[in-house]
$ cat work-v5.txt   # compact mmCIF, C-alpha atoms
# COMPACT_ATOMS: atom_id res chain seq x y z
CA MET A 1 0.37 -59.15 9.93
CA ASP A 2 -1.90 -60.02 12.85
CA GLY A 3 -1.42 -56.49 14.19
CA ILE A 4 -2.44 -54.95 10.86
CA GLU A 5 -5.56 -57.16 10.68
CA GLN A 6 -6.52 -56.18 14.21
CA TRP A 7 -6.06 -52.50 13.37
CA LYS A 8 -8.23 -52.86 10.25
CA ASN A 9 -10.98 -54.59 12.24
CA GLU A 10 -10.95 -51.85 14.88
CA ALA A 11 -11.04 -49.14 12.22
CA GLN A 12 -14.04 -50.80 10.56
CA GLN A 13 -15.80 -51.00 13.94
CA TRP A 14 -15.18 -47.31 14.59
CA LEU A 15 -16.43 -46.45 11.12
CA GLN A 16 -19.58 -48.50 11.58
CA GLN A 17 -20.19 -46.93 15.00
CA GLY A 18 -19.83 -43.52 13.42
CA ILE A 19 -22.33 -44.40 10.67
CA ASP A 20 -24.80 -45.82 13.21
CA TYR A 21 -24.49 -42.69 15.33
CA ALA A 22 -24.99 -40.42 12.33
CA GLN A 23 -28.13 -42.36 11.35
CA GLN A 24 -29.60 -41.69 14.79
CA ILE A 25 -29.21 -37.91 14.39
CA PRO A 26 -32.30 -36.14 12.99
CA PRO A 27 -31.68 -35.04 9.38
CA THR A 28 -32.14 -31.32 10.19
CA GLN A 29 -29.44 -31.44 12.89
CA LEU A 30 -27.12 -33.40 10.62
CA TYR A 31 -27.54 -30.89 7.77
CA ALA A 32 -26.94 -28.01 10.17
CA ALA A 33 -23.75 -29.63 11.50
CA VAL A 34 -22.46 -30.23 7.96
CA ALA A 35 -23.29 -26.62 6.99
CA VAL A 36 -21.41 -25.28 10.02
CA LEU A 37 -18.41 -27.47 9.19
CA ILE A 38 -18.35 -26.31 5.56
CA PHE A 39 -18.75 -22.63 6.54
CA THR A 40 -15.98 -22.87 9.13
CA THR A 41 -13.63 -24.53 6.60
CA ILE A 42 -14.31 -21.87 3.96
CA PHE A 43 -13.85 -19.07 6.51
CA LEU A 44 -10.49 -20.43 7.71
CA LEU A 45 -9.28 -20.87 4.13
CA ALA A 46 -10.35 -17.31 3.27
CA VAL A 47 -8.49 -15.93 6.30
CA ARG A 48 -5.33 -17.81 5.35
CA LEU A 49 -5.61 -16.70 1.73
CA PHE A 50 -6.07 -13.05 2.78
CA LYS A 51 -3.01 -13.18 5.01
CA ARG A 52 -0.98 -14.84 2.31
CA THR A 53 -1.90 -12.35 -0.42
CA LYS A 54 -1.61 -9.13 1.59
CA SER A 55 0.34 -6.74 -0.58
CA ASN A 56 3.95 -5.79 0.10
CA THR A 57 4.08 -3.21 -2.73
CA ILE A 58 5.13 0.36 -1.98
CA VAL A 59 4.88 2.87 -4.82
CA LEU A 60 7.28 5.84 -5.04
CA THR A 61 5.99 8.69 -7.16
CA GLY A 62 6.16 12.48 -7.56
CA LEU A 63 7.40 15.02 -10.08
CA SER A 64 10.57 14.42 -12.07
CA GLY A 65 13.65 15.58 -10.19
CA SER A 66 12.10 15.20 -6.74
CA GLY A 67 14.58 12.48 -5.76
CA LYS A 68 12.50 9.30 -6.12
CA THR A 69 15.22 7.25 -7.77
CA VAL A 70 17.86 8.24 -5.21
CA LEU A 71 15.39 7.30 -2.47
CA PHE A 72 14.79 3.94 -4.18
CA TYR A 73 18.51 3.11 -4.12
CA GLN A 74 18.95 4.30 -0.53
CA LEU A 75 16.14 1.99 0.57
CA ARG A 76 17.54 -0.89 -1.45
CA ASP A 77 21.28 -0.78 -0.76
CA GLY A 78 22.09 2.36 1.22
CA SER A 79 23.70 4.14 -1.73
CA SER A 80 22.60 7.38 -3.37
CA HIS A 81 23.85 6.16 -6.80
CA GLN A 82 24.97 9.67 -7.68
CA GLY A 83 24.86 10.26 -11.37
CA THR A 84 21.45 8.68 -11.92
CA VAL A 85 19.34 10.31 -14.59
CA THR A 86 15.61 10.88 -14.76
CA SER A 87 13.92 7.48 -15.00
CA MET A 88 11.99 6.73 -18.18
CA GLU A 89 10.90 3.28 -16.99
CA PRO A 90 9.83 2.17 -13.50
CA ASN A 91 12.61 0.96 -11.21
CA GLU A 92 11.29 -2.14 -9.52
CA GLY A 93 12.62 -4.67 -7.05
CA THR A 94 11.71 -6.92 -4.14
CA PHE A 95 14.18 -6.84 -1.27
CA ILE A 96 14.74 -6.44 2.46
CA LEU A 97 15.33 -2.78 3.30
CA ASN A 98 19.03 -2.01 3.57
CA SER A 99 18.63 -0.77 7.16
CA GLU A 100 17.15 -4.15 8.16
CA ILE A 101 19.68 -6.51 6.57
CA SER A 102 21.51 -7.11 9.86
CA LYS A 103 18.31 -7.52 11.91
CA LYS A 104 17.39 -10.92 13.28
CA GLY A 105 13.99 -12.56 13.06
CA LYS A 106 11.39 -12.70 10.34
CA ILE A 107 11.55 -9.69 8.01
CA LYS A 108 9.21 -9.38 5.04
CA PRO A 109 10.77 -8.21 1.76
CA VAL A 110 9.31 -5.06 0.22
CA HIS A 111 8.25 -4.81 -3.41
CA LEU A 112 9.32 -1.24 -4.21
CA VAL A 113 8.34 0.51 -7.43
CA ASP A 114 9.77 3.89 -8.50
CA VAL A 115 7.32 5.28 -11.08
CA PRO A 116 8.65 7.97 -13.46
CA GLY A 117 7.32 11.45 -12.72
CA HIS A 118 7.20 12.76 -16.28
CA SER A 119 3.63 13.63 -17.24
CA ARG A 120 3.72 11.40 -20.35
CA LEU A 121 4.76 8.39 -18.27
CA ARG A 122 2.31 8.79 -15.38
CA PRO A 123 -0.23 6.33 -16.84
CA LYS A 124 2.25 3.64 -15.76
CA LEU A 125 1.22 4.52 -12.20
CA ASP A 126 -2.18 2.91 -12.80
CA GLU A 127 -0.47 -0.44 -13.36
CA PHE A 128 0.82 -0.51 -9.78
CA LEU A 129 -1.75 1.37 -7.67
CA PRO A 130 -4.27 -1.53 -7.47
CA GLN A 131 -1.69 -3.65 -5.63
CA ALA A 132 -0.17 -0.87 -3.50
CA ALA A 133 0.04 -1.25 0.27
CA GLY A 134 1.21 2.36 0.49
CA ILE A 135 2.28 5.34 -1.62
CA VAL A 136 5.33 7.55 -1.01
CA PHE A 137 4.70 10.85 -2.81
CA VAL A 138 8.08 12.59 -3.05
CA VAL A 139 8.28 16.40 -3.06
CA ASP A 140 11.39 18.51 -3.66
CA ALA A 141 11.42 20.77 -0.57
CA LEU A 142 13.97 23.09 -2.23
CA GLU A 143 12.05 23.76 -5.44
CA PHE A 144 8.61 23.48 -3.86
CA ILE A 145 7.10 26.91 -4.56
CA PRO A 146 7.84 27.04 -8.34
CA ASN A 147 6.31 23.56 -8.68
CA LEU A 148 3.43 23.97 -6.23
CA ARG A 149 0.68 23.90 -8.87
CA ALA A 150 2.07 20.85 -10.69
CA ILE A 151 2.68 18.98 -7.43
CA SER A 152 -0.84 19.71 -6.20
CA GLU A 153 -2.44 18.59 -9.46
CA TYR A 154 -0.55 15.30 -9.48
CA LEU A 155 -1.31 14.65 -5.80
CA TYR A 156 -4.98 15.56 -6.35
CA ASP A 157 -5.20 13.04 -9.18
CA ILE A 158 -3.73 10.29 -7.00
CA LEU A 159 -5.97 11.02 -4.01
CA THR A 160 -9.10 10.88 -6.21
CA LYS A 161 -8.29 7.62 -8.02
CA GLY A 162 -10.75 4.81 -7.35
CA SER A 163 -7.91 2.31 -6.73
CA VAL A 164 -6.65 4.54 -3.89
CA VAL A 165 -9.95 5.69 -2.38
CA LYS A 166 -11.76 2.33 -2.36
CA LYS A 167 -8.87 0.48 -0.72
CA LYS A 168 -7.95 3.46 1.48
CA VAL A 169 -4.32 3.20 0.42
CA PRO A 170 -2.18 5.22 2.88
CA VAL A 171 -0.07 8.05 1.44
CA VAL A 172 2.98 9.73 2.93
CA ILE A 173 4.09 13.04 1.42
CA CYS A 174 7.87 12.81 1.64
CA CYS A 175 9.48 16.26 1.76
CA ASN A 176 12.89 15.44 0.29
CA LYS A 177 16.16 17.44 0.51
CA THR A 178 15.26 18.90 3.92
CA ASP A 179 18.94 18.77 4.90
CA LYS A 180 19.43 21.96 2.87
CA VAL A 181 19.20 25.29 4.72
CA THR A 182 16.81 26.82 2.19
CA ALA A 183 14.44 23.82 2.13
CA HIS A 184 10.85 24.41 3.22
CA THR A 185 9.57 22.66 6.35
CA LYS A 186 7.06 19.85 6.13
CA GLU A 187 4.41 21.95 7.92
CA PHE A 188 4.79 24.77 5.40
CA ILE A 189 4.53 22.28 2.55
CA ARG A 190 1.45 20.64 4.06
CA LYS A 191 -0.38 23.97 4.48
CA GLN A 192 0.47 25.17 0.98
CA LEU A 193 -0.64 21.87 -0.57
CA GLU A 194 -3.94 21.98 1.29
CA LYS A 195 -4.59 25.54 0.08
CA GLU A 196 -3.71 24.71 -3.52
CA ILE A 197 -5.76 21.51 -3.54
CA ASP A 198 -8.68 23.50 -2.14
CA LYS A 199 -8.42 25.82 -5.18
CA LEU A 200 -8.23 22.83 -7.51
CA ARG A 201 -11.26 21.29 -5.86
CA ALA A 202 -13.26 24.46 -6.42
CA SER A 203 -12.21 24.82 -10.06
CA ARG A 204 -12.83 21.17 -10.91
CA SER A 205 -16.23 21.13 -9.25
CA GLY A 206 -17.36 23.61 -11.93
CA LEU A 207 -16.49 21.25 -14.77
CA SER A 208 -19.19 19.38 -16.64
CA GLU A 209 -19.49 15.65 -16.00
CA ALA A 210 -18.05 14.97 -19.46
CA ASP A 211 -14.84 16.84 -18.57
CA VAL A 212 -14.28 15.28 -15.14
CA VAL A 213 -11.50 12.67 -15.23
CA ASN A 214 -11.26 11.92 -11.50
CA ASP A 215 -13.09 8.95 -9.96
CA PHE A 216 -13.88 10.71 -6.66
CA THR A 217 -13.98 14.19 -5.19
CA LEU A 218 -11.96 15.45 -2.23
CA GLY A 219 -12.90 17.13 1.02
CA ILE A 220 -16.10 18.16 2.76
CA PRO A 221 -18.45 20.54 0.91
CA GLY A 222 -18.40 24.03 2.41
CA GLU A 223 -15.15 23.49 4.34
CA ALA A 224 -11.56 24.36 3.48
CA PHE A 225 -9.68 21.26 2.36
CA SER A 226 -7.54 19.35 4.84
CA PHE A 227 -5.72 16.06 4.34
CA SER A 228 -7.62 14.80 7.38
CA HIS A 229 -10.76 14.86 5.20
CA CYS A 230 -9.39 12.12 2.93
CA SER A 231 -10.84 8.63 3.31
CA ASN A 232 -7.32 7.23 3.33
CA LYS A 233 -4.61 8.26 5.77
CA VAL A 234 -2.31 11.03 4.48
CA THR A 235 0.77 11.94 6.51
CA ILE A 236 3.85 14.18 6.03
CA ALA A 237 7.47 13.13 6.46
CA GLU A 238 10.90 14.70 6.04
CA ALA A 239 13.86 13.04 4.34
CA SER A 240 17.17 13.59 2.63
CA ALA A 241 17.65 10.75 0.17
CA LEU A 242 21.11 11.96 -0.85
CA THR A 243 22.50 11.78 2.71
CA GLY A 244 20.53 8.68 3.73
CA GLU A 245 18.26 10.41 6.24
CA ILE A 246 15.20 8.33 5.34
CA SER A 247 14.07 6.85 8.67
CA GLN A 248 10.56 8.36 8.48
CA VAL A 249 10.00 6.76 5.08
CA GLU A 250 11.24 3.41 6.39
CA GLU A 251 8.85 3.67 9.34
CA PHE A 252 5.95 4.30 6.94
CA ILE A 253 6.93 1.27 4.85
CA ARG A 254 7.19 -1.03 7.87
CA GLU A 255 3.88 0.23 9.22
CA HIS A 256 2.13 -1.03 6.09
CA VAL A 257 4.34 -3.98 5.07
CA LYS A 258 4.55 -6.19 8.11
CA PRO A 259 6.16 -9.63 8.53
$ encode --input "work-v5.txt" --output "structure tokens"
Amino acid sequence: MDGIEQWKNEAQQWLQQGIDYAQQIPPTQLYAAVAVLIFTTIFLLAVRLFKRTKSNTIVLTGLSGSGKTVLFYQLRDGSSHQGTVTSMEPNEGTFILNSEISKKGKIKPVHLVDVPGHSRLRPKLDEFLPQAAGIVFVVDALEFIPNLRAISEYLYDILTKGSVVKKKVPVVICCNKTDKVTAHTKEFIRKQLEKEIDKLRASRSGLSEADVVNDFTLGIPGEAFSFSHCSNKVTIAEASALTGEISQVEEFIREHVKP
């Protein structure tokens, strides 16, 4: 008990000394010190909150039949799930990538969303884009030419959405099914998409303001369109979801969803 009393007396002395010292400080200096302390505390809390809430959501999208759902399952459990049908609802899950299950150390789970590609269901995409850390836009490299216009229109709409442009959400154009002999190369696909989007840009620039549905415009006026003109980073990758050759997609995911 004597020890506790002695500790209480010493604590009271320290407190009184602190009060006496504070009273000797000019009010302006005291207010400045308090302001600095409060600002520093708020700043540190904001930094911690930002780190804690950094998104781990990756959105898979593209036309129906491009292989999004097969890619989803390959990323999740290493299986192609042959026999899957066109998704009418988003496939969604939070998990460690299948290729990283055996890795040691801290690995951040990925929230992966496979959004249906049917035109009627695309509004569902807007539910997930605001929280996206990255977008994987899947293209069928076998049936690319017949679908070029539709692919370009869908990609154009994504690249001009306010939720993508303002946050500079990175996009990878995943050329799927490149294991097939007749599949187009990623460079060919990139060039054709740039040309088609350039045509779209020209045609949509002639629309009246009432008819424009896109939040932003693409490219630099007077120059042919290039993905390098986008405010967000747009890259091209090759994959074969059916055979499990998806390393470039996994690299994109890990670049933007870090532990």
$ atom_distance --input "work-v5.txt" --atom1 "atom CA of Lys191 of chain A" --atom2 "atom CA of Asp114 of chain A"
26.0 Å
$ residues_near_point --input "work-v5.txt" --point "(13.0, -5.5, 8.3)" --cutoff "12 Å" --atoms "all atoms listed in the file" --output "list in words"
Leu75, Arg76, Phe95, Ile96, Leu97, Asn98, Ser99, Glu100, Ile101, Ser102, Lys103, Lys104, Gly105, Lys106, Ile107, Lys108, Pro109, Val110, Glu250, Glu251, Ile253, Arg254, Glu255, His256, Val257, Lys258 and Pro259 of chain A
$ write_last_selection --input "work-v5.txt" --atoms "C-alpha atoms" --output "short mmCIF file (atom, residue, chain, number, x, y, z; two decimals), keeping the file's coordinate frame"
data_model
loop_
_atom_site.label_atom_id
_atom_site.label_comp_id
_atom_site.auth_asym_id
_atom_site.auth_seq_id
_atom_site.Cartn_x
_atom_site.Cartn_y
_atom_site.Cartn_z
CA LEU A 75 16.14 1.99 0.57
CA ARG A 76 17.54 -0.89 -1.45
CA PHE A 95 14.18 -6.84 -1.27
CA ILE A 96 14.74 -6.44 2.46
CA LEU A 97 15.33 -2.78 3.30
CA ASN A 98 19.03 -2.01 3.57
CA SER A 99 18.63 -0.77 7.16
CA GLU A 100 17.15 -4.15 8.16
CA ILE A 101 19.68 -6.51 6.57
CA SER A 102 21.51 -7.11 9.86
CA LYS A 103 18.31 -7.52 11.91
CA LYS A 104 17.39 -10.92 13.28
CA GLY A 105 13.99 -12.56 13.06
CA LYS A 106 11.39 -12.70 10.34
CA ILE A 107 11.55 -9.69 8.01
CA LYS A 108 9.21 -9.38 5.04
CA PRO A 109 10.77 -8.21 1.76
CA VAL A 110 9.31 -5.06 0.22
CA GLU A 250 11.24 3.41 6.39
CA GLU A 251 8.85 3.67 9.34
CA ILE A 253 6.93 1.27 4.85
CA ARG A 254 7.19 -1.03 7.87
CA GLU A 255 3.88 0.23 9.22
CA HIS A 256 2.13 -1.03 6.09
CA VAL A 257 4.34 -3.98 5.07
CA LYS A 258 4.55 -6.19 8.11
CA PRO A 259 6.16 -9.63 8.53
#
$ atom_distance --input "work-v5.txt" --atom1 "atom CA of Glu92 of chain A" --atom2 "atom CA of Ala241 of chain A"
17.3 Å
$ atom_distance --input "work-v5.txt" --atom1 "atom CA of Phe128 of chain A" --atom2 "atom CA of Lys167 of chain A"
13.3 Å
$ closest_residue --input "work-v5.txt" --among "A:Ala183, A:Ala133, A:Leu193, A:Leu121" --to "Leu148 of chain A" --atoms "all atoms listed in the file"
A:Leu193
$ closest_residue --input "work-v5.txt" --among "A:Ser231, A:Ser66, A:Thr57, A:Ser226" --to "Lys199 of chain A" --atoms "only C-alpha atoms"
A:Ser226
$ closest_residue --input "work-v5.txt" --among "A:Val136, A:Leu159, A:Ile197, A:Leu142" --to "His184 of chain A" --atoms "all atoms listed in the file"
A:Leu142
$ residues_around --input "work-v5.txt" --residues "Arg122 of chain A" --least-positions-apart "5" --cutoff "10 Å" --atoms "all atoms listed in the file" --output "list in words"
Thr61, Gly62, Leu63, Val115, Pro116, Gly117, Glu127 and Tyr154 of chain A
$ closest_residue --input "work-v5.txt" --among "A:Lys186, A:Lys54, A:Lys233, A:Lys177" --to "Val164 of chain A" --atoms "all atoms listed in the file"
A:Lys233
$ closest_residue --input "work-v5.txt" --among "A:Phe137, A:Tyr73, A:Phe144, A:Phe225" --to "Leu125 of chain A" --atoms "only C-alpha atoms"
A:Phe137
$ closest_residue --input "work-v5.txt" --among "A:Gly244, A:Pro130, A:Pro26, A:Gly93" --to "His81 of chain A" --atoms "only C-alpha atoms"
A:Gly244
$ build_atoms --input "work-v5.txt" --residues "segment 126-137 of chain A" --atoms "all heavy atoms" --output "CSV table (one decimal), keeping the file's coordinate frame"
chain,number,residue,atom,x,y,z
A,126,ASP,N,-0.9,3.7,-12.9
A,126,ASP,CA,-2.2,2.9,-12.8
A,126,ASP,C,-1.9,1.4,-12.8
A,126,ASP,O,-2.8,0.6,-12.4
A,126,ASP,CB,-3.2,3.3,-13.9
A,126,ASP,CG,-3.7,4.7,-13.8
A,126,ASP,OD1,-3.8,5.2,-12.6
A,126,ASP,OD2,-3.9,5.4,-14.8
A,127,GLU,N,-0.8,1.0,-13.3
A,127,GLU,CA,-0.5,-0.4,-13.4
A,127,GLU,C,-0.1,-1.0,-12.0
A,127,GLU,O,-0.3,-2.1,-11.7
A,127,GLU,CB,0.7,-0.7,-14.3
A,127,GLU,CG,0.5,-0.3,-15.7
A,127,GLU,CD,1.8,-0.5,-16.6
A,127,GLU,OE1,2.7,-1.2,-16.1
A,127,GLU,OE2,1.8,0.1,-17.7
A,128,PHE,N,0.3,-0.1,-11.1
A,128,PHE,CA,0.8,-0.5,-9.8
A,128,PHE,C,-0.1,-0.1,-8.6
A,128,PHE,O,-0.1,-0.8,-7.6
A,128,PHE,CB,2.2,0.1,-9.5
A,128,PHE,CG,3.2,-0.4,-10.5
A,128,PHE,CD1,3.6,0.5,-11.6
A,128,PHE,CD2,3.8,-1.6,-10.5
A,128,PHE,CE1,4.6,0.1,-12.5
A,128,PHE,CE2,4.7,-2.1,-11.4
A,128,PHE,CZ,5.1,-1.2,-12.4
A,129,LEU,N,-0.9,0.9,-8.8
A,129,LEU,CA,-1.8,1.4,-7.7
A,129,LEU,C,-2.7,0.3,-7.1
A,129,LEU,O,-2.9,0.2,-5.9
A,129,LEU,CB,-2.5,2.6,-8.1
A,129,LEU,CG,-1.7,3.9,-8.1
A,129,LEU,CD1,-2.7,5.1,-8.5
A,129,LEU,CD2,-1.0,4.2,-6.8
A,130,PRO,N,-3.3,-0.5,-8.0
A,130,PRO,CA,-4.3,-1.5,-7.5
A,130,PRO,C,-3.6,-2.5,-6.5
A,130,PRO,O,-4.4,-3.1,-5.7
A,130,PRO,CB,-4.8,-2.2,-8.7
A,130,PRO,CG,-4.6,-1.2,-9.8
A,130,PRO,CD,-3.3,-0.5,-9.5
A,131,GLN,N,-2.3,-2.7,-6.5
A,131,GLN,CA,-1.7,-3.6,-5.6
A,131,GLN,C,-0.9,-3.0,-4.5
A,131,GLN,O,-0.2,-3.6,-3.8
A,131,GLN,CB,-0.8,-4.6,-6.4
A,131,GLN,CG,0.4,-3.9,-7.1
A,131,GLN,CD,1.0,-4.7,-8.3
A,131,GLN,OE1,0.3,-5.1,-9.2
A,131,GLN,NE2,2.3,-4.8,-8.3
A,132,ALA,N,-1.0,-1.6,-4.4
A,132,ALA,CA,-0.2,-0.9,-3.5
A,132,ALA,C,-0.6,-1.0,-2.1
A,132,ALA,O,-1.8,-0.9,-1.8
A,132,ALA,CB,-0.2,0.6,-3.9
A,133,ALA,N,0.3,-1.3,-1.2
A,133,ALA,CA,0.0,-1.2,0.3
A,133,ALA,C,0.3,0.2,0.8
A,133,ALA,O,-0.2,0.5,1.9
A,133,ALA,CB,1.0,-2.2,1.0
A,134,GLY,N,1.0,1.0,0.1
A,134,GLY,CA,1.2,2.4,0.5
A,134,GLY,C,1.8,3.1,-0.6
A,134,GLY,O,2.4,2.6,-1.6
A,135,ILE,N,1.7,4.5,-0.6
A,135,ILE,CA,2.3,5.3,-1.6
A,135,ILE,C,3.2,6.4,-1.0
A,135,ILE,O,2.8,7.0,0.0
A,135,ILE,CB,1.2,6.1,-2.4
A,135,ILE,CG1,0.2,5.1,-3.1
A,135,ILE,CG2,1.8,7.1,-3.4
A,135,ILE,CD1,-1.0,5.7,-3.7
A,136,VAL,N,4.4,6.5,-1.5
A,136,VAL,CA,5.3,7.6,-1.0
A,136,VAL,C,5.4,8.6,-2.1
A,136,VAL,O,5.9,8.4,-3.2
A,136,VAL,CB,6.7,7.0,-0.7
A,136,VAL,CG1,7.7,8.1,-0.3
A,136,VAL,CG2,6.7,5.9,0.3
A,137,PHE,N,4.8,9.8,-1.8
A,137,PHE,CA,4.7,10.8,-2.8
A,137,PHE,C,5.8,11.8,-2.5
A,137,PHE,O,5.8,12.5,-1.5
A,137,PHE,CB,3.3,11.6,-2.7
A,137,PHE,CG,3.2,12.6,-3.8
A,137,PHE,CD1,2.7,12.2,-5.1
A,137,PHE,CD2,3.5,13.9,-3.6
A,137,PHE,CE1,2.5,13.2,-6.1
A,137,PHE,CE2,3.3,14.9,-4.6
A,137,PHE,CZ,2.8,14.5,-5.8
